[in-house]
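Content type PDB, C-alpha atoms, from the file query-v5.pdb:
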```pdb
ATOM      1  CA  MET A   1      49.889  79.715 118.966
ATOM      2  CA  THR A   2      48.958  79.463 122.631
ATOM      3  CA  THR A   3      46.501  76.678 121.837
ATOM      4  CA  ALA A   4      49.144  74.821 119.802
ATOM      5  CA  LEU A   5      51.637  75.090 122.655
ATOM      6  CA  THR A   6      49.042  73.856 125.134
ATOM      7  CA  VAL A   7      48.191  70.855 122.944
ATOM      8  CA  ALA A   8      51.895  70.087 122.514
ATOM      9  CA  SER A   9      52.386  70.236 126.286
ATOM     10  CA  ILE A  10      49.408  67.922 126.858
ATOM     11  CA  GLN A  11      50.712  65.494 124.229
ATOM     12  CA  GLN A  12      54.125  65.418 125.904
ATOM     13  CA  ALA A  13      52.498  64.671 129.264
ATOM     14  CA  CYS A  14      50.349  61.973 127.648
ATOM     15  CA  LYS A  15      53.454  60.386 126.171
ATOM     16  CA  GLN A  16      54.990  60.101 129.627
ATOM     17  CA  LEU A  17      51.713  58.796 131.076
ATOM     18  CA  ARG A  18      51.205  56.408 128.134
ATOM     19  CA  LEU A  19      47.866  57.869 127.072
ATOM     20  CA  PRO A  20      48.170  57.858 123.254
ATOM     21  CA  ALA A  21      44.456  58.266 122.482
ATOM     22  CA  ILE A  22      44.142  61.351 124.675
ATOM     23  CA  ALA A  23      47.279  62.764 123.033
ATOM     24  CA  GLY A  24      45.757  62.292 119.595
ATOM     25  CA  GLN A  25      42.219  63.385 120.429
ATOM     26  CA  CYS A  26      42.673  66.230 122.919
ATOM     27  CA  GLY A  27      42.907  68.917 120.210
ATOM     28  CA  PRO A  28      40.028  67.827 117.955
ATOM     29  CA  LEU A  29      37.763  67.048 120.913
ATOM     30  CA  ALA A  30      38.545  70.438 122.478
ATOM     31  CA  GLU A  31      37.506  72.174 119.267
ATOM     32  CA  ALA A  32      34.310  70.142 119.161
ATOM     33  CA  ALA A  33      33.618  70.930 122.820
ATOM     34  CA  GLU A  34      33.988  74.672 122.158
ATOM     35  CA  ARG A  35      31.659  74.559 119.156
ATOM     36  CA  GLU A  36      29.050  72.567 121.039
ATOM     37  CA  ARG A  37      29.602  74.451 124.314
ATOM     38  CA  GLN A  38      30.172  71.257 126.237
ATOM     39  CA  PRO A  39      30.913  71.492 129.965
ATOM     40  CA  TYR A  40      34.416  70.612 131.142
ATOM     41  CA  LEU A  41      33.267  67.275 132.494
ATOM     42  CA  GLY A  42      31.719  66.413 129.133
ATOM     43  CA  TYR A  43      35.030  67.089 127.414
ATOM     44  CA  LEU A  44      36.888  65.001 129.992
ATOM     45  CA  GLU A  45      34.405  62.162 129.567
ATOM     46  CA  ALA A  46      34.944  62.196 125.796
ATOM     47  CA  LEU A  47      38.725  62.111 126.220
ATOM     48  CA  LEU A  48      38.647  59.207 128.651
ATOM     49  CA  GLY A  49      36.172  57.363 126.441
ATOM     50  CA  ALA A  50      38.541  57.670 123.464
ATOM     51  CA  GLU A  51      41.412  56.298 125.545
ATOM     52  CA  LEU A  52      39.353  53.363 126.812
ATOM     53  CA  GLU A  53      38.130  52.516 123.321
ATOM     54  CA  GLU A  54      41.646  52.469 121.893
ATOM     55  CA  ARG A  55      42.914  50.323 124.739
ATOM     56  CA  GLU A  56      40.029  47.914 124.206
ATOM     57  CA  GLN A  57      40.887  47.618 120.519
ATOM     58  CA  HIS A  58      44.561  47.011 121.296
ATOM     59  CA  THR A  59      43.711  44.360 123.895
ATOM     60  CA  VAL A  60      41.447  42.495 121.483
ATOM     61  CA  ALA A  61      44.054  42.710 118.709
ATOM     62  CA  ARG A  62      46.677  41.295 121.086
ATOM     63  CA  ARG A  63      44.377  38.480 122.166
ATOM     64  CA  LEU A  64      43.738  37.580 118.514
ATOM     65  CA  ARG A  65      47.480  37.494 117.758
ATOM     66  CA  GLU A  66      48.209  35.349 120.792
ATOM     67  CA  ALA A  67      45.425  32.902 119.885
ATOM     68  CA  HIS A  68      47.335  31.638 116.799
ATOM     69  CA  LEU A  69      44.089  31.147 114.900
ATOM     70  CA  PRO A  70      44.612  29.556 111.459
ATOM     71  CA  ARG A  71      42.433  32.216 109.803
ATOM     72  CA  LEU A  72      40.379  35.076 111.191
ATOM     73  CA  LYS A  73      36.949  33.526 110.605
ATOM     74  CA  THR A  74      33.959  34.772 112.560
ATOM     75  CA  LEU A  75      30.513  33.380 113.234
ATOM     76  CA  GLU A  76      29.126  36.331 111.269
ATOM     77  CA  ASP A  77      30.966  34.966 108.217
ATOM     78  CA  PHE A  78      29.531  31.457 108.553
ATOM     79  CA  ASP A  79      26.783  30.586 106.076
ATOM     80  CA  PHE A  80      24.280  28.729 108.232
ATOM     81  CA  ARG A  81      22.049  28.261 105.174
ATOM     82  CA  GLN A  82      24.618  25.842 103.798
ATOM     83  CA  ALA A  83      24.852  23.922 107.088
ATOM     84  CA  ALA A  84      21.317  22.888 107.929
ATOM     85  CA  ALA A  85      22.475  20.676 110.799
ATOM     86  CA  VAL A  86      23.940  23.601 112.728
ATOM     87  CA  SER A  87      21.781  25.920 114.829
ATOM     88  CA  ALA A  88      22.605  29.606 114.377
ATOM     89  CA  THR A  89      20.701  30.330 117.591
ATOM     90  CA  GLN A  90      22.804  27.888 119.592
ATOM     91  CA  LEU A  91      26.066  29.301 118.233
ATOM     92  CA  ALA A  92      24.930  32.871 118.938
ATOM     93  CA  GLU A  93      24.159  31.887 122.524
ATOM     94  CA  LEU A  94      27.567  30.237 122.909
ATOM     95  CA  ALA A  95      29.258  33.334 121.487
ATOM     96  CA  GLY A  96      27.936  35.236 124.509
ATOM     97  CA  GLY A  97      30.543  33.384 126.569
ATOM     98  CA  GLY A  98      28.429  31.922 129.345
ATOM     99  CA  TYR A  99      29.773  28.435 128.630
ATOM    100  CA  ILE A 100      33.282  29.751 129.339
ATOM    101  CA  GLU A 101      32.241  30.985 132.764
ATOM    102  CA  ARG A 102      30.662  27.579 133.455
ATOM    103  CA  ALA A 103      33.647  25.658 131.986
ATOM    104  CA  GLU A 104      31.376  23.679 129.655
ATOM    105  CA  PRO A 105      33.235  21.955 126.796
ATOM    106  CA  VAL A 106      32.091  22.352 123.185
ATOM    107  CA  VAL A 107      32.593  19.507 120.706
ATOM    108  CA  PHE A 108      32.013  19.787 116.957
ATOM    109  CA  ILE A 109      31.524  16.421 115.251
ATOM    110  CA  GLY A 110      31.248  16.042 111.490
ATOM    111  CA  ASP A 111      32.892  15.111 108.240
ATOM    112  CA  SER A 112      35.506  17.207 106.494
ATOM    113  CA  GLY A 113      34.171  20.383 104.905
ATOM    114  CA  THR A 114      31.140  20.758 107.160
ATOM    115  CA  GLY A 115      32.393  23.874 108.962
ATOM    116  CA  LYS A 116      33.838  22.487 112.190
ATOM    117  CA  THR A 117      37.049  24.514 112.155
ATOM    118  CA  HIS A 118      35.222  27.675 111.054
ATOM    119  CA  LEU A 119      32.796  27.383 113.963
ATOM    120  CA  LEU A 120      35.608  26.559 116.398
ATOM    121  CA  THR A 121      37.547  29.599 115.192
ATOM    122  CA  GLY A 122      34.434  31.768 115.330
ATOM    123  CA  LEU A 123      33.921  30.971 119.010
ATOM    124  CA  GLY A 124      37.608  31.666 119.585
ATOM    125  CA  VAL A 125      37.295  35.100 117.967
ATOM    126  CA  ALA A 126      34.195  35.846 120.037
ATOM    127  CA  ALA A 127      36.127  34.963 123.204
ATOM    128  CA  CYS A 128      39.048  37.188 122.149
ATOM    129  CA  ARG A 129      36.602  40.064 121.663
ATOM    130  CA  GLN A 130      35.643  39.534 125.302
ATOM    131  CA  ARG A 131      39.347  39.929 126.142
ATOM    132  CA  ARG A 132      39.746  36.292 127.133
ATOM    133  CA  ARG A 133      43.015  34.442 126.627
ATOM    134  CA  VAL A 134      42.533  31.946 123.811
ATOM    135  CA  ARG A 135      44.855  29.455 122.138
ATOM    136  CA  PHE A 136      44.182  27.413 119.002
ATOM    137  CA  THR A 137      46.087  24.234 118.161
ATOM    138  CA  THR A 138      45.624  20.935 116.405
ATOM    139  CA  ALA A 139      45.662  17.741 118.430
ATOM    140  CA  ALA A 140      48.830  16.600 116.657
ATOM    141  CA  ALA A 141      50.632  19.913 117.238
ATOM    142  CA  LEU A 142      49.678  19.953 120.929
ATOM    143  CA  VAL A 143      50.909  16.401 121.461
ATOM    144  CA  ASN A 144      54.142  17.047 119.563
ATOM    145  CA  GLU A 145      54.823  20.153 121.652
ATOM    146  CA  LEU A 146      54.317  18.252 124.897
ATOM    147  CA  VAL A 147      56.448  15.298 123.781
ATOM    148  CA  GLU A 148      59.258  17.695 122.878
ATOM    149  CA  ALA A 149      58.834  19.513 126.193
ATOM    150  CA  LYS A 150      59.197  16.233 128.071
ATOM    151  CA  GLN A 151      62.381  15.421 126.164
ATOM    152  CA  GLN A 152      63.766  18.835 127.133
ATOM    153  CA  LEU A 153      62.644  18.459 130.760
ATOM    154  CA  GLN A 154      60.248  21.402 130.310
ATOM    155  CA  LEU A 155      56.939  19.523 130.513
ATOM    156  CA  ARG A 156      55.721  21.074 133.770
ATOM    157  CA  ARG A 157      56.422  24.610 132.522
ATOM    158  CA  VAL A 158      54.653  24.011 129.181
ATOM    159  CA  LEU A 159      51.634  22.401 130.829
ATOM    160  CA  ALA A 160      51.399  25.365 133.206
ATOM    161  CA  ARG A 161      51.391  27.742 130.226
ATOM    162  CA  TRP A 162      48.542  25.849 128.571
ATOM    163  CA  ALA A 163      46.618  25.872 131.851
ATOM    164  CA  ARG A 164      46.650  29.684 131.936
ATOM    165  CA  TYR A 165      44.441  30.085 128.864
ATOM    166  CA  ASP A 166      40.749  30.798 129.403
ATOM    167  CA  LEU A 167      39.901  28.763 126.314
ATOM    168  CA  ILE A 168      41.830  26.093 124.409
ATOM    169  CA  ALA A 169      40.551  25.175 120.936
ATOM    170  CA  ILE A 170      41.885  21.786 119.793
ATOM    171  CA  ASP A 171      41.255  21.039 116.121
ATOM    172  CA  GLU A 172      41.364  17.715 114.250
ATOM    173  CA  VAL A 173      41.071  15.243 117.115
ATOM    174  CA  GLY A 174      40.825  11.846 115.442
ATOM    175  CA  TYR A 175      42.554  12.688 112.175
ATOM    176  CA  VAL A 176      45.903  11.219 113.253
ATOM    177  CA  PRO A 177      46.290   8.163 115.515
ATOM    178  CA  LEU A 178      48.030   9.030 118.769
ATOM    179  CA  ALA A 179      50.759   6.989 120.379
ATOM    180  CA  GLU A 180      49.954   6.102 123.963
ATOM    181  CA  VAL A 181      52.227   8.802 125.377
ATOM    182  CA  GLY A 182      50.530  11.367 123.112
ATOM    183  CA  ALA A 183      47.080  10.246 124.205
ATOM    184  CA  GLU A 184      48.190  10.518 127.837
ATOM    185  CA  PHE A 185      49.342  14.092 127.270
ATOM    186  CA  LEU A 186      46.048  15.016 125.594
ATOM    187  CA  PHE A 187      44.177  13.490 128.508
ATOM    188  CA  GLN A 188      46.343  15.421 130.982
ATOM    189  CA  VAL A 189      45.601  18.757 129.325
ATOM    190  CA  VAL A 190      41.860  18.066 129.173
ATOM    191  CA  ALA A 191      41.627  16.561 132.669
ATOM    192  CA  GLU A 192      43.426  19.479 134.312
ATOM    193  CA  ARG A 193      40.891  21.885 132.802
ATOM    194  CA  ALA A 194      37.788  19.843 133.703
ATOM    195  CA  GLU A 195      35.194  22.008 135.487
ATOM    196  CA  ARG A 196      37.750  24.851 135.740
ATOM    197  CA  SER A 197      38.507  26.088 132.213
ATOM    198  CA  VAL A 198      36.933  25.426 128.870
ATOM    199  CA  VAL A 199      38.074  23.191 126.009
ATOM    200  CA  LEU A 200      36.725  23.276 122.451
ATOM    201  CA  LEU A 201      37.288  20.322 120.132
ATOM    202  CA  THR A 202      36.604  19.274 116.570
ATOM    203  CA  THR A 203      36.568  15.658 115.486
ATOM    204  CA  ASN A 204      35.613  13.695 112.383
ATOM    205  CA  LEU A 205      34.916  10.556 114.402
ATOM    206  CA  PRO A 206      31.843   9.587 116.431
ATOM    207  CA  PHE A 207      32.785   8.885 120.024
ATOM    208  CA  SER A 208      32.284   5.146 119.481
ATOM    209  CA  GLU A 209      35.234   5.154 117.061
ATOM    210  CA  TRP A 210      37.754   7.085 119.164
ATOM    211  CA  THR A 211      39.566   3.856 120.022
ATOM    212  CA  GLN A 212      40.851   3.982 116.430
ATOM    213  CA  VAL A 213      43.113   6.872 117.439
ATOM    214  CA  ILE A 214      43.416   6.121 121.168
ATOM    215  CA  PRO A 215      43.883   2.325 121.317
ATOM    216  CA  ASN A 216      44.069   2.209 125.121
ATOM    217  CA  ALA A 217      40.368   1.662 125.801
ATOM    218  CA  ARG A 218      40.560   2.688 129.457
ATOM    219  CA  LEU A 219      42.368   5.938 128.637
ATOM    220  CA  CYS A 220      39.976   6.618 125.775
ATOM    221  CA  LYS A 221      36.979   6.192 128.060
ATOM    222  CA  ALA A 222      38.494   8.462 130.691
ATOM    223  CA  LEU A 223      39.206  11.147 128.073
ATOM    224  CA  LEU A 224      35.663  10.962 126.703
ATOM    225  CA  ASP A 225      34.241  11.210 130.201
ATOM    226  CA  ARG A 226      36.088  14.502 130.712
ATOM    227  CA  ILE A 227      35.266  15.893 127.261
ATOM    228  CA  THR A 228      31.568  15.087 127.217
ATOM    229  CA  ASP A 229      30.721  15.982 130.820
ATOM    230  CA  ARG A 230      28.264  18.925 130.610
ATOM    231  CA  ALA A 231      29.409  19.474 127.019
ATOM    232  CA  HIS A 232      27.684  21.183 124.117
ATOM    233  CA  ILE A 233      27.913  18.549 121.384
ATOM    234  CA  ILE A 234      27.238  20.005 117.946
ATOM    235  CA  GLU A 235      26.962  17.732 114.917
ATOM    236  CA  THR A 236      27.840  19.484 111.674
ATOM    237  CA  GLY A 237      26.721  16.609 109.454
ATOM    238  CA  THR A 238      28.285  14.677 106.582
ATOM    239  CA  ASP A 239      27.479  16.885 103.593
ATOM    240  CA  SER A 240      30.532  18.976 102.725
ATOM    241  CA  TYR A 241      29.336  22.471 101.870
ATOM    242  CA  ARG A 242      32.942  23.314 100.994
ATOM    243  CA  PHE A 243      32.817  20.663  98.260
ATOM    244  CA  ARG A 244      29.427  21.951  97.081
ATOM    245  CA  ARG A 245      30.860  25.460  96.958
ATOM    246  CA  THR A 246      33.759  24.246  94.800
ATOM    247  CA  LEU A 247      31.380  22.501  92.409
ATOM    248  CA  GLU A 248      29.246  25.622  92.181
ATOM    249  CA  ARG A 249      32.300  27.733  91.425
ATOM    250  CA  HIS A 250      33.340  25.381  88.614
ATOM    251  CA  ARG A 251      29.796  25.341  87.241
ATOM    252  CA  ARG A 252      29.728  29.138  87.073
ATOM    253  CA  LYS A 253      33.103  29.220  85.318
ATOM    254  CA  GLY A 254      31.785  26.709  82.787
ATOM    255  CA  GLU A 255      28.705  28.812  82.153
ATOM    256  CA  GLN A 256      30.795  31.972  81.705
ATOM    257  CA  ALA A 257      33.146  30.185  79.286
ATOM    258  CA  SER A 258      30.230  28.959  77.156
ATOM    259  CA  GLU A 259      28.703  32.437  76.824
TER     260      GLU A 259
END
```
Could you write out this file's structure as structure tokens?
Amino acid sequence: MTTALTVASIQQACKQLRLPAIAGQCGPLAEAAERERQPYLGYLEALLGAELEEREQHTVARRLREAHLPRLKTLEDFDFRQAAAVSATQLAELAGGGYIERAEPVVFIGDSGTGKTHLLTGLGVAACRQRRRVRFTTAAALVNELVEAKQQLQLRRVLARWARYDLIAIDEVGYVPLAEVGAEFLFQVVAERAERSVVLLTTNLPFSEWTQVIPNARLCKALLDRITDRAHIIETGTDSYRFRRTLERHRRKGEQASE
């Protein structure tokens, strides 16, 4: 009974101090410490370790929620065997996060179904695991948000919010032609982050064809200069492994139906 009262008292103190892991683990860890005859400092170390681990997990979970990723896809989930053009070694090195510290852009170029968004998301997840502030968006959604912010006289505030992220992942650049004001906003976001914070992009167009979506040639050139400076440019190819996977799935269904 004395032990139960002591644990209850500790849990009440932990509630006031906002130490939920210690509140939950103090009893079980104390029993383990007695069995194993751990010194007091060993028990304290275990308690603090449990609290730090739980806080780390909560921070990462919060970063993942705030990132607005379309799906929680990781680099571990990516089948590099089906994407011969992509280097698993290069992506593993990028996942370490050094490019974020150096503010080096990453650009994925390839046709639909070649894994661009998966790889973009995978790097975003890796950055969240390092407790970095990440935000995913499509080029069209980003431009629409900024156009609306300008109409509501909130452009400066919204741009400042985007500038606070450690990593911005912009998907589908080149899929939808941008009006000149939209292209200017995209350039502003990218230019303000140049050599300070990192930008990740996916595009289905080679750089020589970007004038199809950004007709202002001078603005297009300026945007490309910012995006490609010191960038990691990764070509994912033209062979859609997503389409091959669909065909394989249908083939297997056909074989099962004929059995």
Check the smallest atom-to-atom distance from each of A:Arg37, A:Lys150, A:Arg196, A:Arg230 to Tyr165 (chain A) using all atoms listed in the file, then report the winner.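 Checking each candidate against Tyr165 (chain A), we get A:Arg196 as the closest.
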For Ala50 (chain A), the nearest of the candidates A:Ala85, A:Ala92, A:Ala21, A:Ile170, counting only C-alpha atoms: A:Ala21
One-decimal distance in Å that lies between CA of Gly124 (chain A) and CA of Leu72 (chain A):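 For CA of Leu72 (chain A) relative to CA of Gly124 (chain A), the distance reads 9.5 Å.
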Starting from the shown file, work through the PyMOL selection byres ((chain A and resi 205-211) around 12) and note down what comes out as an mmCIF file with C-alpha atoms, in the frame of the given file.
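Saved file part_19.cif follows:
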```cif
data_model
loop_
_atom_site.group_PDB
_atom_site.id
_atom_site.type_symbol
_atom_site.label_atom_id
_atom_site.label_comp_id
_atom_site.auth_asym_id
_atom_site.auth_seq_id
_atom_site.Cartn_x
_atom_site.Cartn_y
_atom_site.Cartn_z
ATOM 1 C CA VAL A 107 32.593 19.507 120.706
ATOM 2 C CA PHE A 108 32.013 19.787 116.957
ATOM 3 C CA ILE A 109 31.524 16.421 115.251
ATOM 4 C CA GLY A 110 31.248 16.042 111.490
ATOM 5 C CA ASP A 111 32.892 15.111 108.240
ATOM 6 C CA SER A 112 35.506 17.207 106.494
ATOM 7 C CA GLU A 172 41.364 17.715 114.250
ATOM 8 C CA VAL A 173 41.071 15.243 117.115
ATOM 9 C CA GLY A 174 40.825 11.846 115.442
ATOM 10 C CA TYR A 175 42.554 12.688 112.175
ATOM 11 C CA VAL A 176 45.903 11.219 113.253
ATOM 12 C CA PRO A 177 46.290 8.163 115.515
ATOM 13 C CA LEU A 178 48.030 9.030 118.769
ATOM 14 C CA ALA A 179 50.759 6.989 120.379
ATOM 15 C CA GLU A 180 49.954 6.102 123.963
ATOM 16 C CA ALA A 183 47.080 10.246 124.205
ATOM 17 C CA LEU A 201 37.288 20.322 120.132
ATOM 18 C CA THR A 202 36.604 19.274 116.570
ATOM 19 C CA THR A 203 36.568 15.658 115.486
ATOM 20 C CA ASN A 204 35.613 13.695 112.383
ATOM 21 C CA GLN A 212 40.851 3.982 116.430
ATOM 22 C CA VAL A 213 43.113 6.872 117.439
ATOM 23 C CA ILE A 214 43.416 6.121 121.168
ATOM 24 C CA PRO A 215 43.883 2.325 121.317
ATOM 25 C CA ASN A 216 44.069 2.209 125.121
ATOM 26 C CA ALA A 217 40.368 1.662 125.801
ATOM 27 C CA ARG A 218 40.560 2.688 129.457
ATOM 28 C CA LEU A 219 42.368 5.938 128.637
ATOM 29 C CA CYS A 220 39.976 6.618 125.775
ATOM 30 C CA LYS A 221 36.979 6.192 128.060
ATOM 31 C CA ALA A 222 38.494 8.462 130.691
ATOM 32 C CA LEU A 223 39.206 11.147 128.073
ATOM 33 C CA LEU A 224 35.663 10.962 126.703
ATOM 34 C CA ASP A 225 34.241 11.210 130.201
ATOM 35 C CA ILE A 227 35.266 15.893 127.261
ATOM 36 C CA THR A 228 31.568 15.087 127.217
ATOM 37 C CA ILE A 233 27.913 18.549 121.384
ATOM 38 C CA ILE A 234 27.238 20.005 117.946
ATOM 39 C CA GLU A 235 26.962 17.732 114.917
ATOM 40 C CA THR A 236 27.840 19.484 111.674
ATOM 41 C CA GLY A 237 26.721 16.609 109.454
ATOM 42 C CA THR A 238 28.285 14.677 106.582
#
```
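For the atom pair formed by CA of Cys14 (chain A) and CA of His58 (chain A), the distance is 17.3 Å, given to one decimal.
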Compile the contact shell of Ala231 (chain A) as a ChimeraX atom specification: residues with an atom at most 7 Å away, counting only C-alpha atoms, same-chain residues fewer than 5 positions apart removed. /A:104-106
For Ala46 (chain A), please output as a PyMOL selection string all residues within 9 Å (counting all atoms listed in the file; exclusion window: fewer than 5 positions along the same chain). chain A and resi 29+41+51
Gap from CA of Thr137 (chain A) to CA of His68 (chain A) - Å, one decimal: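 Separating CA of Thr137 (chain A) from CA of His68 (chain A) is a distance of 7.6 Å.
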Spatial neighbours of Leu47 (chain A), 12 Å, only C-alpha atoms, chain gap at least 5 places, as a VMD selection string: chain A and resid 14 19 to 30 32 to 33 40 to 42 52 to 54
Pick from A:Ala13, A:Ala191, A:Gln151, A:Val198: nearest to Arg164 (chain A), with all atoms listed in the file counted?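 When distances to Arg164 (chain A) are compared using all atoms listed in the file, the smallest one comes from A:Val198.
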I'd like the neighbourhood of Arg135 (chain A) as a PyMOL selection string, where a residue qualifies if any of its atoms comes within 12 Å (using all atoms listed in the file), though same-chain residues fewer than 3 positions away should be ignored. chain A and resi 63-70+120-121+123-125+127-128+132+138+142+161-171+198-200
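Shortest atom-to-atom contact with Thr74 (chain A) among A:Arg55, A:Arg35, A:Arg62, A:Arg129: A:Arg129, counting only C-alpha atoms.
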Determine the residue membership of the PyMOL selection byres ((chain A and resi 185-190) around 7) for the file above and supply it as a list in words.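 Matching residues under the PyMOL selection byres ((chain A and resi 185-190) around 7) are Val143, Leu146, Val181, Gly182, Ala183, Glu184, Ala191, Glu192, Arg193, Ala194, Leu223 and Arg226 of chain A.
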Nearest candidate to Gly115 (chain A) (options A:Gln16, A:Leu75, A:Ala140, A:Glu45; using only C-alpha atoms): A:Leu75
Completion step: region 21-46 of chain A with N, CA and C atoms as a PDB file, in the frame of the given file:
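Wrote result.pdb, looks like this:
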```pdb
ATOM      1  N   ALA A  21      45.725  57.814 123.045  1.00  0.00           N
ATOM      2  CA  ALA A  21      44.456  58.266 122.482  1.00  0.00           C
ATOM      3  C   ALA A  21      44.135  59.690 122.920  1.00  0.00           C
ATOM      4  N   ILE A  22      44.374  59.981 124.184  1.00  0.00           N
ATOM      5  CA  ILE A  22      44.142  61.351 124.675  1.00  0.00           C
ATOM      6  C   ILE A  22      45.076  62.322 123.960  1.00  0.00           C
ATOM      7  N   ALA A  23      46.332  61.909 123.745  1.00  0.00           N
ATOM      8  CA  ALA A  23      47.279  62.764 123.033  1.00  0.00           C
ATOM      9  C   ALA A  23      46.783  63.083 121.628  1.00  0.00           C
ATOM     10  N   GLY A  24      46.214  62.082 120.959  1.00  0.00           N
ATOM     11  CA  GLY A  24      45.757  62.292 119.595  1.00  0.00           C
ATOM     12  C   GLY A  24      44.425  63.015 119.490  1.00  0.00           C
ATOM     13  N   GLN A  25      43.580  62.862 120.517  1.00  0.00           N
ATOM     14  CA  GLN A  25      42.219  63.385 120.429  1.00  0.00           C
ATOM     15  C   GLN A  25      41.990  64.673 121.212  1.00  0.00           C
ATOM     16  N   CYS A  26      42.939  65.079 122.057  1.00  0.00           N
ATOM     17  CA  CYS A  26      42.673  66.230 122.919  1.00  0.00           C
ATOM     18  C   CYS A  26      42.385  67.496 122.118  1.00  0.00           C
ATOM     19  N   GLY A  27      43.131  67.720 121.025  1.00  0.00           N
ATOM     20  CA  GLY A  27      42.907  68.917 120.210  1.00  0.00           C
ATOM     21  C   GLY A  27      41.572  68.902 119.495  1.00  0.00           C
ATOM     22  N   PRO A  28      41.305  67.881 118.663  1.00  0.00           N
ATOM     23  CA  PRO A  28      40.028  67.827 117.955  1.00  0.00           C
ATOM     24  C   PRO A  28      38.811  67.826 118.870  1.00  0.00           C
ATOM     25  N   LEU A  29      38.897  67.091 119.986  1.00  0.00           N
ATOM     26  CA  LEU A  29      37.763  67.048 120.913  1.00  0.00           C
ATOM     27  C   LEU A  29      37.569  68.388 121.623  1.00  0.00           C
ATOM     28  N   ALA A  30      38.664  69.106 121.866  1.00  0.00           N
ATOM     29  CA  ALA A  30      38.545  70.438 122.478  1.00  0.00           C
ATOM     30  C   ALA A  30      37.834  71.401 121.530  1.00  0.00           C
ATOM     31  N   GLU A  31      38.185  71.325 120.249  1.00  0.00           N
ATOM     32  CA  GLU A  31      37.506  72.174 119.267  1.00  0.00           C
ATOM     33  C   GLU A  31      36.021  71.842 119.189  1.00  0.00           C
ATOM     34  N   ALA A  32      35.711  70.551 119.207  1.00  0.00           N
ATOM     35  CA  ALA A  32      34.310  70.142 119.161  1.00  0.00           C
ATOM     36  C   ALA A  32      33.573  70.602 120.416  1.00  0.00           C
ATOM     37  N   ALA A  33      34.241  70.514 121.559  1.00  0.00           N
ATOM     38  CA  ALA A  33      33.618  70.930 122.820  1.00  0.00           C
ATOM     39  C   ALA A  33      33.316  72.419 122.813  1.00  0.00           C
ATOM     40  N   GLU A  34      34.225  73.223 122.234  1.00  0.00           N
ATOM     41  CA  GLU A  34      33.988  74.672 122.158  1.00  0.00           C
ATOM     42  C   GLU A  34      32.811  74.976 121.237  1.00  0.00           C
ATOM     43  N   ARG A  35      32.766  74.315 120.096  1.00  0.00           N
ATOM     44  CA  ARG A  35      31.659  74.559 119.156  1.00  0.00           C
ATOM     45  C   ARG A  35      30.321  74.200 119.775  1.00  0.00           C
ATOM     46  N   GLU A  36      30.304  73.080 120.482  1.00  0.00           N
ATOM     47  CA  GLU A  36      29.050  72.567 121.039  1.00  0.00           C
ATOM     48  C   GLU A  36      28.799  73.062 122.457  1.00  0.00           C
ATOM     49  N   ARG A  37      29.729  73.894 122.963  1.00  0.00           N
ATOM     50  CA  ARG A  37      29.602  74.451 124.314  1.00  0.00           C
ATOM     51  C   ARG A  37      29.401  73.357 125.375  1.00  0.00           C
ATOM     52  N   GLN A  38      30.232  72.343 125.260  1.00  0.00           N
ATOM     53  CA  GLN A  38      30.172  71.257 126.237  1.00  0.00           C
ATOM     54  C   GLN A  38      30.782  71.697 127.557  1.00  0.00           C
ATOM     55  N   PRO A  39      30.284  71.202 128.670  1.00  0.00           N
ATOM     56  CA  PRO A  39      30.913  71.492 129.965  1.00  0.00           C
ATOM     57  C   PRO A  39      32.262  70.774 130.064  1.00  0.00           C
ATOM     58  N   TYR A  40      33.086  71.207 130.989  1.00  0.00           N
ATOM     59  CA  TYR A  40      34.416  70.612 131.142  1.00  0.00           C
ATOM     60  C   TYR A  40      34.337  69.098 131.383  1.00  0.00           C
ATOM     61  N   LEU A  41      33.381  68.703 132.197  1.00  0.00           N
ATOM     62  CA  LEU A  41      33.267  67.275 132.494  1.00  0.00           C
ATOM     63  C   LEU A  41      32.875  66.472 131.251  1.00  0.00           C
ATOM     64  N   GLY A  42      32.084  67.084 130.376  1.00  0.00           N
ATOM     65  CA  GLY A  42      31.719  66.413 129.133  1.00  0.00           C
ATOM     66  C   GLY A  42      32.931  66.186 128.248  1.00  0.00           C
ATOM     67  N   TYR A  43      33.797  67.208 128.191  1.00  0.00           N
ATOM     68  CA  TYR A  43      35.030  67.089 127.414  1.00  0.00           C
ATOM     69  C   TYR A  43      35.939  66.015 128.009  1.00  0.00           C
ATOM     70  N   LEU A  44      36.060  65.997 129.329  1.00  0.00           N
ATOM     71  CA  LEU A  44      36.888  65.001 129.992  1.00  0.00           C
ATOM     72  C   LEU A  44      36.338  63.593 129.751  1.00  0.00           C
ATOM     73  N   GLU A  45      35.032  63.464 129.811  1.00  0.00           N
ATOM     74  CA  GLU A  45      34.405  62.162 129.567  1.00  0.00           C
ATOM     75  C   GLU A  45      34.714  61.668 128.156  1.00  0.00           C
ATOM     76  N   ALA A  46      34.654  62.579 127.180  1.00  0.00           N
ATOM     77  CA  ALA A  46      34.944  62.196 125.796  1.00  0.00           C
ATOM     78  C   ALA A  46      36.390  61.762 125.641  1.00  0.00           C
TER      79      ALA A  46
END
```
